[in-house]
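A.B. asks: Next up is a structure, given as structure tokens.
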Amino acid sequence: MRKRCFFLALLLLTALLLTACMRADVEQQPIQTDVVKPEVPQDLRTNDEGVPILKVYDVESESIAEMDLETYVTGVLAGEMRNDWPEEALKAQAILARTFVLKFVETKDSQYEGADISTDVSEAQAYSEVNINENVRKAVEETRGMVMSYEGELPQAWFHAHAGGKTELPSVALEYKEEDPAYLSVTDSPDSEDAPDNVKHWTAAFDGEAFQKACADAGLSTGLPQSVEIGETGESGRAKTLLVNGEAVSAPSLRLQLGANAMKSTLLDSVEVENGTVTMEGRGFGHGVGLSQWGAYGMAEDGAEAEEIVRHYFQNVDIVRLWE
């Protein structure tokens, strides 16, 4: 009798454990929901595989070439990111590059007549055929057709080289005139320690007359700089304005006029004027909005996958495939 009771109790315990495991499995399964995908801009025709065809103005040859969007993204990836970087960082950049060009065609016109987009970095993305290698081709192929989607629309796919540890909102760092998109926030960026020292921390000096001209081109007519101070700042610490001789000038605009490779960011630690020379010290490289490429590098090195990297910098976006 005791053996029978023991056996029945064991069966009951096993059944309870199996039921609990089944419930746990059910709870761990993600809820599948239908995601509304963005539409390919109507102005673009597609090939037999459903891939959009682009008319790309090449600034080197000064001519327009037709190519499918995946071919274009391959050249962009090779132009925007080193081809020996971690695979998942390359894949994350490919997703952004694809989103970027579709958003551009949807909302803007190229400055080059007859083209959908160009290889001119002043309006679009960098492009390099010579830097294409197997790593780049693989990253593009494995993300084929993949773009970001936010509530069924193509989001702005902003990216930059190095965030200096924290990203910023476009209204602060880009003079974005519209409301800041809900899919962006000020986000900690795990920028890799492998980044060059002159990217992580930089110093730039500007002659007083050149600085005065840059201020005028940025919208502030003032005399030679007697004093320059950091004015309004965003949550990341980036300067939204600088006070030159007590008057405000847009820091993002001034950066472009001084040269984005000289004043590498608006994340400034100090600004001084001595003997007519303006000296700045700062951190990071680029405007600081959206994905940090050295942050993507760091996350990939730590084992993050491409979609996880993208979603770290763009909150609540879906990654969808528009063609196979």
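A note on labels: chains of the structure tokens are A, B, ... as shown, every chain counts residues from 1, and ligands are counted from 1 in their shown order.
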Residues near stretch 237-245 of chain A, anyone? I mean within 9 Å using only C-alpha atoms, not counting same-chain ones fewer than 6 positions away, as an MDAnalysis selection string.
C.D. replies: chainID A and resid 166 168 171:175 215 220 222:231 251:252 254 265:269 288
A.B. asks: Select, from A:Asn275, A:Gln212, A:Ser128, A:Ser236, the residue with the minimum atom-to-atom distance to A:Gly164, counting only C-alpha atoms.
C.D. replies: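 Comparing A:Asn275, A:Gln212, A:Ser128, A:Ser236 against A:Gly164, the winner is A:Ser236.
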A.B. asks: Write out as a ChimeraX atom specification all residues of stretch 25-166 of chain A that DSSP puts in alpha helix (DSSP H) for this structure's backbone.
C.D. replies: /A:25-28,69-80,87-107,134-142
A.B. asks: Please provide as a VMD selection string all residues within 9 Å of A:Tyr313, with the sequence filter that same-chain residues fewer than 6 positions apart are discarded (counting only C-alpha atoms).
C.D. replies: chain A and resid 167 183 to 189 289 to 292
A.B. asks: Can you pull out every residue within 12 Å of A:Asp217, counting only C-alpha atoms, but drop anything in the same chain fewer than 3 positions away, and send it as a ChimeraX atom specification?
C.D. replies: /A:210-214,220-222,249-250,253-258
A.B. asks: Considering only C-alpha atoms, can you say which of A:Glu235, A:Glu151, A:Asp191, A:Glu80 comes closest to A:Thr119?
C.D. replies: A:Glu80
A.B. asks: Which residue, A:Ala296, A:Val136, A:Leu69, A:Ala157, has the smallest gap to A:Trp323 when you use only C-alpha atoms?
C.D. replies: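 Going through A:Ala296, A:Val136, A:Leu69, A:Ala157 one by one, the smallest distance to A:Trp323 is for A:Leu69.
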A.B. asks: Residues at most 12 Å from A:Val310, counting only C-alpha atoms, excluding those fewer than 6 positions away in the same chain, as a ChimeraX atom specification?
C.D. replies: /A:88-97,99,146-149,157-159,183-184,189,290-293,295-297,299-300,304,316-319
A.B. asks: Here is a test: counting only C-alpha atoms, which residue of A:Ser192, A:Thr107, A:Thr71, A:Asn47 is nearest to A:Asp302?
C.D. replies: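 Smallest separation from A:Asp302 among the options: A:Ser192.
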A.B. asks: How many Å separate atom CA of A:Phe104 from atom CA of A:Tyr127?
C.D. replies: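 According to the coordinates, atom CA of A:Phe104 and atom CA of A:Tyr127 are separated by 15.4 Å.
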A.B. asks: List every residue of stretch 174-315 of chain A that DSSP, applied to the backbone, labels as strand (DSSP E or B), and write the result as JSON, numbers by chain.
C.D. replies: {"A": [188, 201, 202, 203, 204, 205, 206, 228, 229, 230, 233, 239, 241, 242, 243, 244, 247, 248, 249, 250, 268, 269, 270, 271, 272, 273, 274, 277, 278, 279, 280, 281, 282, 283, 285, 291, 292]}
A.B. asks: Just N, CA, C and O atoms for this one: save the residues we selected as a compact mmCIF listing (two decimals), in the first residue's frame.
C.D. replies:
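Wrote it out as selection.txt, contents follow:
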```txt
# COMPACT_ATOMS: atom_id res chain seq x y z
N ASP A 188 23.06 56.35 -23.57
CA ASP A 188 24.46 55.99 -23.29
C ASP A 188 25.01 55.19 -24.46
O ASP A 188 24.36 54.28 -24.98
N HIS A 201 39.15 62.10 -27.72
CA HIS A 201 39.42 63.44 -27.16
C HIS A 201 40.19 64.23 -28.22
O HIS A 201 41.13 63.72 -28.81
N TRP A 202 39.79 65.46 -28.44
CA TRP A 202 40.44 66.24 -29.50
C TRP A 202 40.61 67.69 -29.07
O TRP A 202 39.92 68.18 -28.17
N THR A 203 41.55 68.36 -29.72
CA THR A 203 41.80 69.79 -29.51
C THR A 203 41.90 70.46 -30.87
O THR A 203 42.50 69.90 -31.80
N ALA A 204 41.29 71.61 -31.02
CA ALA A 204 41.34 72.35 -32.28
C ALA A 204 41.54 73.84 -31.99
O ALA A 204 40.93 74.38 -31.06
N ALA A 205 42.40 74.47 -32.78
CA ALA A 205 42.66 75.91 -32.63
C ALA A 205 42.27 76.64 -33.91
O ALA A 205 42.53 76.15 -35.02
N PHE A 206 41.63 77.80 -33.76
CA PHE A 206 41.13 78.56 -34.92
C PHE A 206 41.62 80.00 -34.84
O PHE A 206 41.48 80.67 -33.80
N VAL A 228 34.68 83.60 -25.91
CA VAL A 228 33.82 82.54 -26.42
C VAL A 228 33.50 81.60 -25.26
O VAL A 228 34.41 81.10 -24.59
N GLU A 229 32.22 81.39 -25.03
CA GLU A 229 31.78 80.52 -23.93
C GLU A 229 30.75 79.53 -24.44
O GLU A 229 30.08 79.77 -25.45
N ILE A 230 30.63 78.43 -23.73
CA ILE A 230 29.58 77.46 -24.03
C ILE A 230 28.26 78.03 -23.53
O ILE A 230 28.15 78.46 -22.38
N THR A 233 23.06 74.09 -23.53
CA THR A 233 23.49 72.71 -23.79
C THR A 233 22.32 71.75 -23.73
O THR A 233 21.28 72.05 -23.12
N ALA A 239 26.88 71.37 -26.82
CA ALA A 239 26.52 72.77 -26.93
C ALA A 239 25.48 72.96 -28.02
O ALA A 239 25.67 72.52 -29.15
N THR A 241 24.35 76.20 -28.35
CA THR A 241 24.82 77.52 -28.77
C THR A 241 26.18 77.79 -28.13
O THR A 241 26.55 77.21 -27.10
N LEU A 242 26.92 78.68 -28.77
CA LEU A 242 28.12 79.26 -28.18
C LEU A 242 27.89 80.76 -28.04
O LEU A 242 27.19 81.36 -28.87
N LEU A 243 28.44 81.35 -27.01
CA LEU A 243 28.33 82.79 -26.80
C LEU A 243 29.64 83.44 -27.23
O LEU A 243 30.69 83.25 -26.60
N VAL A 244 29.58 84.15 -28.34
CA VAL A 244 30.76 84.82 -28.89
C VAL A 244 30.62 86.32 -28.63
O VAL A 244 29.67 86.95 -29.10
N GLU A 247 27.19 87.09 -27.53
CA GLU A 247 26.05 86.84 -28.40
C GLU A 247 26.00 85.37 -28.84
O GLU A 247 27.05 84.76 -29.10
N ALA A 248 24.79 84.84 -28.95
CA ALA A 248 24.62 83.41 -29.22
C ALA A 248 24.73 83.10 -30.71
O ALA A 248 24.19 83.82 -31.55
N VAL A 249 25.41 82.01 -31.01
CA VAL A 249 25.48 81.46 -32.37
C VAL A 249 25.23 79.96 -32.27
O VAL A 249 25.61 79.32 -31.28
N SER A 250 24.58 79.41 -33.27
CA SER A 250 24.29 77.98 -33.28
C SER A 250 25.58 77.18 -33.31
O SER A 250 26.41 77.34 -34.22
N LEU A 268 31.69 69.75 -26.05
CA LEU A 268 32.88 70.52 -25.69
C LEU A 268 33.17 70.45 -24.20
O LEU A 268 32.27 70.55 -23.36
N ASP A 269 34.45 70.31 -23.89
CA ASP A 269 34.89 70.36 -22.49
C ASP A 269 35.36 71.75 -22.11
O ASP A 269 35.21 72.18 -20.96
N SER A 270 35.93 72.48 -23.10
CA SER A 270 36.40 73.83 -22.80
C SER A 270 36.56 74.63 -24.09
O SER A 270 36.76 74.06 -25.16
N VAL A 271 36.42 75.95 -23.96
CA VAL A 271 36.69 76.89 -25.05
C VAL A 271 37.43 78.07 -24.47
O VAL A 271 36.99 78.65 -23.47
N GLU A 272 38.56 78.42 -25.08
CA GLU A 272 39.36 79.53 -24.58
C GLU A 272 39.78 80.45 -25.73
O GLU A 272 39.95 79.98 -26.86
N VAL A 273 39.94 81.72 -25.42
CA VAL A 273 40.47 82.69 -26.39
C VAL A 273 41.75 83.28 -25.80
O VAL A 273 41.75 83.82 -24.70
N GLU A 274 42.84 83.16 -26.58
CA GLU A 274 44.11 83.70 -26.12
C GLU A 274 44.89 84.22 -27.32
O GLU A 274 45.08 83.50 -28.31
N THR A 277 43.39 83.69 -30.75
CA THR A 277 43.15 82.31 -31.20
C THR A 277 42.12 81.63 -30.30
O THR A 277 42.21 81.71 -29.07
N VAL A 278 41.15 80.97 -30.94
CA VAL A 278 40.12 80.23 -30.20
C VAL A 278 40.52 78.76 -30.15
O VAL A 278 40.72 78.13 -31.20
N THR A 279 40.66 78.24 -28.95
CA THR A 279 41.05 76.83 -28.78
C THR A 279 39.93 76.08 -28.09
O THR A 279 39.42 76.51 -27.06
N MET A 280 39.53 74.96 -28.72
CA MET A 280 38.46 74.12 -28.18
C MET A 280 39.01 72.74 -27.83
O MET A 280 39.88 72.21 -28.53
N GLU A 281 38.47 72.17 -26.77
CA GLU A 281 38.72 70.77 -26.45
C GLU A 281 37.37 70.06 -26.34
O GLU A 281 36.42 70.62 -25.79
N GLY A 282 37.28 68.87 -26.92
CA GLY A 282 36.01 68.17 -26.91
C GLY A 282 36.17 66.67 -27.01
O GLY A 282 37.29 66.14 -27.03
N ARG A 283 35.02 65.99 -27.11
CA ARG A 283 34.99 64.52 -27.18
C ARG A 283 34.08 64.07 -28.31
O ARG A 283 33.09 64.72 -28.63
N PHE A 285 33.16 62.37 -32.30
CA PHE A 285 33.33 62.80 -33.69
C PHE A 285 31.98 62.66 -34.40
O PHE A 285 31.45 61.55 -34.50
N LEU A 291 22.84 56.37 -34.36
CA LEU A 291 23.83 55.32 -34.11
C LEU A 291 25.24 55.86 -34.10
O LEU A 291 25.64 56.61 -34.99
N SER A 292 26.01 55.48 -33.09
CA SER A 292 27.43 55.75 -33.04
C SER A 292 28.15 54.55 -33.65
O SER A 292 27.97 53.42 -33.20
```
A.B. asks: Which distance in Å separates atom CA of A:Asn198 and atom CA of A:Ala260, to one decimal?
C.D. replies: 13.6 Å
A.B. asks: Restricting the calculation to only C-alpha atoms, which member of A:Asp84, A:Glu70, A:Glu39, A:Asp58 is positioned closest to A:Gly145?
C.D. replies: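 Checking each of A:Asp84, A:Glu70, A:Glu39, A:Asp58 against A:Gly145, counting only C-alpha atoms, the winner is A:Glu70.
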A.B. asks: With only C-alpha atoms as the atoms that count, which of A:Val320, A:Val140, A:Ala218, A:Val101 lies nearest to A:Ala124?
C.D. replies: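 That would be A:Val101, the residue with the smallest distance to A:Ala124.
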